[in-house]
Amino acid sequence: MYRVIRLLGFFVLCFLLTSGSVLVVIFWDFIAEHVGPPRPVPPKPRVVVSPPAPAPAMPSVVLPEPPPRKGHNPWSEVEKGFDETRAKRDEHPGWKDNPSNLYEMVANPAFTDSPDILDHCVALSQWRREMPDSATPLIALARAHIDWAWQGRGYGPASAVTAEGWQLFYTRIAEARRLLEQALQIGVKDGEANRLLILVDLAEGQPYEEVRATLEEGRKRDPTYFPMYTQFARYLLPRWQGKRGDIERFAAEVVDLLPGDDGLEAYARIAMNIHQTDAERELIFFGEYDKKLLVKASRVLMERRANRKAETNFAALCAWVAQDREAALPLRKQVEETVEDNSIWPSEQIRREFLFWCERDAFAAAEDAPWFWGSMFNGENLAFWKDSRSIWCANGHGPDALNLMEIEGGRIRLVLPALAPKVECFTTDANKDWVAAGLTGGFFESGFKGIRVWQLDDPEHPRSFSTSDRCTKIAIHPILPRIAWAQIGFVFSLDVTTGKQTSLFNAKGQIRDLHFSPDGKCLIVLTERESIWDSETGELLREMPHSGQQPQPDHHCRRILDCDGEGRLWALISRHKMRRYPTSLVRYAADAKNMETLIEDLETDVVMPGTSILSADRRLLAINTIRPNKEVPRIEIDVWDVESGKKIKHFAGHLSGFRAMAFSPDGKWLASMGFPTGLVRLWSLANAEE
């Protein structure tokens, strides 16, 4: 007991000593102030009052010029301004179309400070009364009536226009025609009256012969009035009275009608004006323009327009479309300074791809390969058609879903119209003459989600089927009128005859490829691993060897390339050997238990090449490889002969990545499409067996 009390007292003493030390530390300032010697009081810091800093200088902002106002100027001064503008047209090529710009400004109600077009027309009528022998006020008044006509109609689709809107439209258009015809009788000093008459002809749906006669009459009076030619080109848009190719043919004709640089400028103006029409932005890529002539003409336009931003960017775009790096490089800096809302580049991505292309001299090695533009936006889909002379390309965005492009010249042979602006995927069946595509409302928009099927004996009447979500992969049954399609990890069946849709199975992963076996009984599905499913019941038949299996298999099946008539699977596999993963081409037996190695090592350092395909006769294998270097990885292509196991061709590939390749059925060509810009290159397989 005594020992316990002593031990307890020792602990209490330790506690008091420790607590005291802690308290001294905590209250040391208080103890020192009241117990120790007084500390000197530090002097108060001086407060230096500085003069107020000068206000930051406002940045120099160049405000836009307000629209011109007539103000108190008499109409005679307005008339004089037109005469002076016409006189300056010969001083500099960039002023050729100044009268048209002036007519546009004077036709605006803001010119007379009028609250609406009606009051403005009343004010313009005073000009007409004061100067009855001048055609200028009649033309300005006609221009105002045309604007007034569209205001009465509304700017929506024709189906949304009311009967009253149509009445207002045609009444005011008819008055504009009367005013213009009167102006021509008096005598005009420029081509604006004929330009506006072409616009009136378009509004009234006049036939080509009459509109062309209006253009020819204007050419006799004012042959270098460029807005007249661009207005006629707009009349030739497919939405109005033209058909595909008319605009390009007319532009080429104008080069012959106008001598020298005037014809070149007119050519570039037509192409640029049409390009800035939203629905026609793809025409510059795979329309029928002479691309070399476009480069030359756009350069003339840029120089004549004093290197303005829009014209300079258009010249750069034309150089890129023509793959003319020599013409493009001097324009790179100006393009680099372009803001994203520029009206010339179809997308900011395309502008960045242009800059990337300009900076990569090493890519010149692939310039000798024939090429054409298959699409502006979508570089994931490509398929030769059965004639080996044309290729199906997904348009990516726009009114057309798919274009059948001729490989010689890259001209459009057939267009399949879209129901929604974005093509998610497509596939073809040459035996059935079918084309099927998954379409959606776009990247971010809501709208149609579904499948469209075209039978090419009647391409104007496709069948459309809505789906619950985006169709990301699609396959056509080789025998039955049926389609398999995937959304995320689920696979569905669609009967094209009845429209009935059936859920087949959940593949439990993002589906990256989907296709039928030759007899249609099986579906081959690629997610993170390869698997075979029953196309009728949705039963999992076989899962190919993969790294997640236990025990670990001796190889991993990376991609099934094909299934032949005997049920054998042609596939790429990888084996782990001494810190390497060599990729091999093998052929599995029908039961997938045994396999035959066809090419031991495809000499690729990546575990899985991005794109690999077999030719239709399974004689050739094309595989893309990534060759790292200091500047940028080279996306190249190797072609192997399956029978000999030897590499027989090597192609330079694409500057950007690519996700699509296709062999032609006749075995003469390998096509590859760049991503994301859709440039198609053709690689000759001549002497491929050597």
# chains A, B, ... in the order shown; residues from 1 in each chain; ligands from 1
$ closest_atom_pairs --of "range 199-296 of chain A" --to "range 673-681 of chain A" --cutoff "12 Å" --atoms "only C-alpha atoms" --output "Markdown table"
| residue | atom | partner | partner_atom | distance |
| --- | --- | --- | --- | --- |
| A:Glu282 | CA | A:Gly678 | CA | 11.5 |
| A:Phe285 | CA | A:Leu679 | CA | 9.4 |
| A:Phe286 | CA | A:Leu679 | CA | 10.0 |
$ select_by_dssp --residues "range 46-193 of chain A" --states "alpha helix (DSSP H)" --output "VMD selection string"
chain A and resid 75 to 87 98 to 106 117 to 130 136 to 153 163 to 186 192 to 193
$ closest_residue --among "A:Leu179, A:Ile648, A:Ile488, A:Ala437" --to "Leu620 in chain A" --atoms "only C-alpha atoms"
A:Ile648
$ residues_around --residues "Glu596 in chain A" --least-positions-apart "4" --cutoff "10 Å" --atoms "only C-alpha atoms" --output "VMD selection string"
chain A and resid 570 585 to 589
$ write_last_selection --atoms "C-alpha atoms" --output "PDB file, in the first residue's frame"
ATOM      1  CA  TRP A 570      -8.972 -14.671 -89.140  1.00  0.00           C
ATOM      2  CA  LEU A 585      -1.990 -12.924 -87.918  1.00  0.00           C
ATOM      3  CA  VAL A 586      -3.632 -16.274 -87.180  1.00  0.00           C
ATOM      4  CA  ARG A 587      -6.529 -18.383 -88.409  1.00  0.00           C
ATOM      5  CA  TYR A 588      -8.616 -20.127 -85.771  1.00  0.00           C
ATOM      6  CA  ALA A 589     -10.356 -23.404 -86.482  1.00  0.00           C
TER       7      ALA A 589
END
$ select_by_dssp --residues "range 439-574 of chain A" --states "strand (DSSP E)" --output "VMD selection string"
chain A and resid 439 to 440 449 to 455 463 to 466 473 to 476 482 to 487 490 to 495 501 to 506 513 to 516 522 to 526 530 to 534 540 to 543 556 to 563 569 to 574
$ closest_residue --among "A:Thr224, A:Ser644, A:Ser388, A:Ser134" --to "Pro93 in chain A" --atoms "only C-alpha atoms"
A:Thr224
$ closest_residue --among "A:Ala571, A:Ala671, A:Asn687, A:Ile173" --to "Phe372 in chain A" --atoms "only C-alpha atoms"
A:Ala671
$ residues_around --residues "range 144-153 of chain A" --least-positions-apart "4" --cutoff "7 Å" --atoms "only C-alpha atoms" --output "VMD selection string"
chain A and resid 107 to 108 117 121 140 161 165 to 166 168 to 169 172 to 173 176
$ write_last_selection --atoms "N, CA, C and O atoms" --output "tab-separated table (two decimals), in the first residue's frame"
chain	number	residue	atom	x	y	z
A	107	ALA	N	-30.62	51.57	-99.31
A	107	ALA	CA	-31.92	50.88	-99.23
A	107	ALA	C	-32.33	50.58	-97.80
A	107	ALA	O	-33.48	50.21	-97.54
A	108	ASN	N	-31.43	50.75	-96.84
A	108	ASN	CA	-31.73	50.49	-95.43
A	108	ASN	C	-32.51	51.66	-94.83
A	108	ASN	O	-32.15	52.83	-95.04
A	117	ILE	N	-39.55	50.13	-93.29
A	117	ILE	CA	-39.27	50.18	-94.72
A	117	ILE	C	-40.34	50.99	-95.45
A	117	ILE	O	-40.03	51.69	-96.44
A	121	CYS	N	-39.44	53.91	-97.99
A	121	CYS	CA	-39.81	53.94	-99.40
A	121	CYS	C	-40.47	55.27	-99.77
A	121	CYS	O	-40.27	55.79	-100.87
A	140	ALA	N	-32.52	51.96	-106.07
A	140	ALA	CA	-32.51	51.93	-104.60
A	140	ALA	C	-33.90	51.59	-104.07
A	140	ALA	O	-34.04	50.82	-103.10
A	161	VAL	N	-44.76	29.59	-94.43
A	161	VAL	CA	-45.24	30.91	-94.87
A	161	VAL	C	-46.75	30.87	-95.00
A	161	VAL	O	-47.33	29.95	-95.59
A	165	GLY	N	-48.59	36.05	-96.13
A	165	GLY	CA	-47.16	36.29	-96.34
A	165	GLY	C	-46.78	36.15	-97.80
A	165	GLY	O	-46.01	36.97	-98.33
A	166	TRP	N	-47.31	35.10	-98.46
A	166	TRP	CA	-47.01	34.93	-99.88
A	166	TRP	C	-47.58	36.09	-100.70
A	166	TRP	O	-46.95	36.56	-101.66
A	168	LEU	N	-48.06	39.23	-99.76
A	168	LEU	CA	-47.20	40.39	-99.58
A	168	LEU	C	-45.90	40.23	-100.36
A	168	LEU	O	-45.40	41.18	-100.99
A	169	PHE	N	-45.35	39.03	-100.32
A	169	PHE	CA	-44.08	38.77	-100.97
A	169	PHE	C	-44.17	39.03	-102.48
A	169	PHE	O	-43.38	39.81	-103.04
A	172	ARG	N	-44.86	42.79	-103.55
A	172	ARG	CA	-43.71	43.68	-103.43
A	172	ARG	C	-42.60	43.31	-104.42
A	172	ARG	O	-41.90	44.19	-104.92
A	173	ILE	N	-42.43	42.00	-104.70
A	173	ILE	CA	-41.46	41.58	-105.71
A	173	ILE	C	-41.87	42.11	-107.09
A	173	ILE	O	-41.03	42.57	-107.88
A	176	ALA	N	-40.95	45.67	-107.32
A	176	ALA	CA	-39.50	45.80	-107.54
A	176	ALA	C	-39.16	45.57	-109.01
A	176	ALA	O	-38.34	46.30	-109.58
$ closest_residue --among "A:Pro551, A:Gly154, A:Gly71, A:Pro481" --to "Thr498 in chain A" --atoms "only C-alpha atoms"
A:Pro481
$ atom_distance --atom1 "CA of Ala87 in chain A" --atom2 "CA of Glu253 in chain A"
28.1 Å
$ atom_distance --atom1 "CA of Ala306 in chain A" --atom2 "CA of Gly263 in chain A"
17.9 Å
$ atom_distance --atom1 "CA of Leu180 in chain A" --atom2 "CA of Ala135 in chain A"
8.5 Å
$ decode --residues "range 329-347 of chain A" --atoms "N, CA and C atoms" --output "mmCIF file, in the first residue's frame"
data_model
loop_
_atom_site.group_PDB
_atom_site.id
_atom_site.type_symbol
_atom_site.label_atom_id
_atom_site.label_comp_id
_atom_site.auth_asym_id
_atom_site.auth_seq_id
_atom_site.Cartn_x
_atom_site.Cartn_y
_atom_site.Cartn_z
ATOM 1 N N LEU A 329 1.900 28.071 -97.361
ATOM 2 C CA LEU A 329 2.858 28.485 -96.331
ATOM 3 C C LEU A 329 2.939 29.998 -96.128
ATOM 4 N N PRO A 330 2.921 30.842 -97.183
ATOM 5 C CA PRO A 330 2.984 32.286 -96.938
ATOM 6 C C PRO A 330 1.762 32.842 -96.196
ATOM 7 N N LEU A 331 0.675 32.061 -96.134
ATOM 8 C CA LEU A 331 -0.561 32.541 -95.512
ATOM 9 C C LEU A 331 -0.745 32.016 -94.095
ATOM 10 N N ARG A 332 0.183 31.180 -93.650
ATOM 11 C CA ARG A 332 0.005 30.517 -92.354
ATOM 12 C C ARG A 332 -0.119 31.516 -91.210
ATOM 13 N N LYS A 333 0.715 32.546 -91.189
ATOM 14 C CA LYS A 333 0.712 33.487 -90.079
ATOM 15 C C LYS A 333 -0.619 34.214 -89.981
ATOM 16 N N GLN A 334 -1.144 34.673 -91.130
ATOM 17 C CA GLN A 334 -2.427 35.373 -91.093
ATOM 18 C C GLN A 334 -3.544 34.454 -90.620
ATOM 19 N N VAL A 335 -3.487 33.190 -91.035
ATOM 20 C CA VAL A 335 -4.514 32.239 -90.609
ATOM 21 C C VAL A 335 -4.391 31.966 -89.116
ATOM 22 N N GLU A 336 -3.174 31.915 -88.621
ATOM 23 C CA GLU A 336 -2.951 31.651 -87.198
ATOM 24 C C GLU A 336 -3.574 32.734 -86.332
ATOM 25 N N GLU A 337 -3.649 33.955 -86.847
ATOM 26 C CA GLU A 337 -4.206 35.067 -86.095
ATOM 27 C C GLU A 337 -5.721 35.168 -86.241
ATOM 28 N N THR A 338 -6.317 34.285 -87.009
ATOM 29 C CA THR A 338 -7.760 34.319 -87.235
ATOM 30 C C THR A 338 -8.516 33.914 -85.979
ATOM 31 N N VAL A 339 -9.573 34.640 -85.682
ATOM 32 C CA VAL A 339 -10.401 34.285 -84.537
ATOM 33 C C VAL A 339 -11.342 33.158 -84.925
ATOM 34 N N GLU A 340 -11.902 32.521 -83.911
ATOM 35 C CA GLU A 340 -12.686 31.314 -84.164
ATOM 36 C C GLU A 340 -13.996 31.577 -84.898
ATOM 37 N N ASP A 341 -14.501 32.819 -84.838
ATOM 38 C CA ASP A 341 -15.780 33.089 -85.492
ATOM 39 C C ASP A 341 -15.597 33.474 -86.960
ATOM 40 N N ASN A 342 -14.422 33.200 -87.514
ATOM 41 C CA ASN A 342 -14.187 33.504 -88.917
ATOM 42 C C ASN A 342 -15.193 32.755 -89.782
ATOM 43 N N SER A 343 -15.673 33.415 -90.837
ATOM 44 C CA SER A 343 -16.752 32.837 -91.642
ATOM 45 C C SER A 343 -16.260 31.904 -92.732
ATOM 46 N N ILE A 344 -14.950 31.754 -92.887
ATOM 47 C CA ILE A 344 -14.418 30.971 -94.001
ATOM 48 C C ILE A 344 -14.203 29.515 -93.621
ATOM 49 N N TRP A 345 -13.558 29.253 -92.494
ATOM 50 C CA TRP A 345 -13.248 27.871 -92.118
ATOM 51 C C TRP A 345 -14.512 27.178 -91.617
ATOM 52 N N PRO A 346 -14.850 26.015 -92.162
ATOM 53 C CA PRO A 346 -16.074 25.334 -91.727
ATOM 54 C C PRO A 346 -16.108 25.018 -90.239
ATOM 55 N N SER A 347 -14.937 24.844 -89.645
ATOM 56 C CA SER A 347 -14.881 24.593 -88.209
ATOM 57 C C SER A 347 -13.507 25.005 -87.708
#
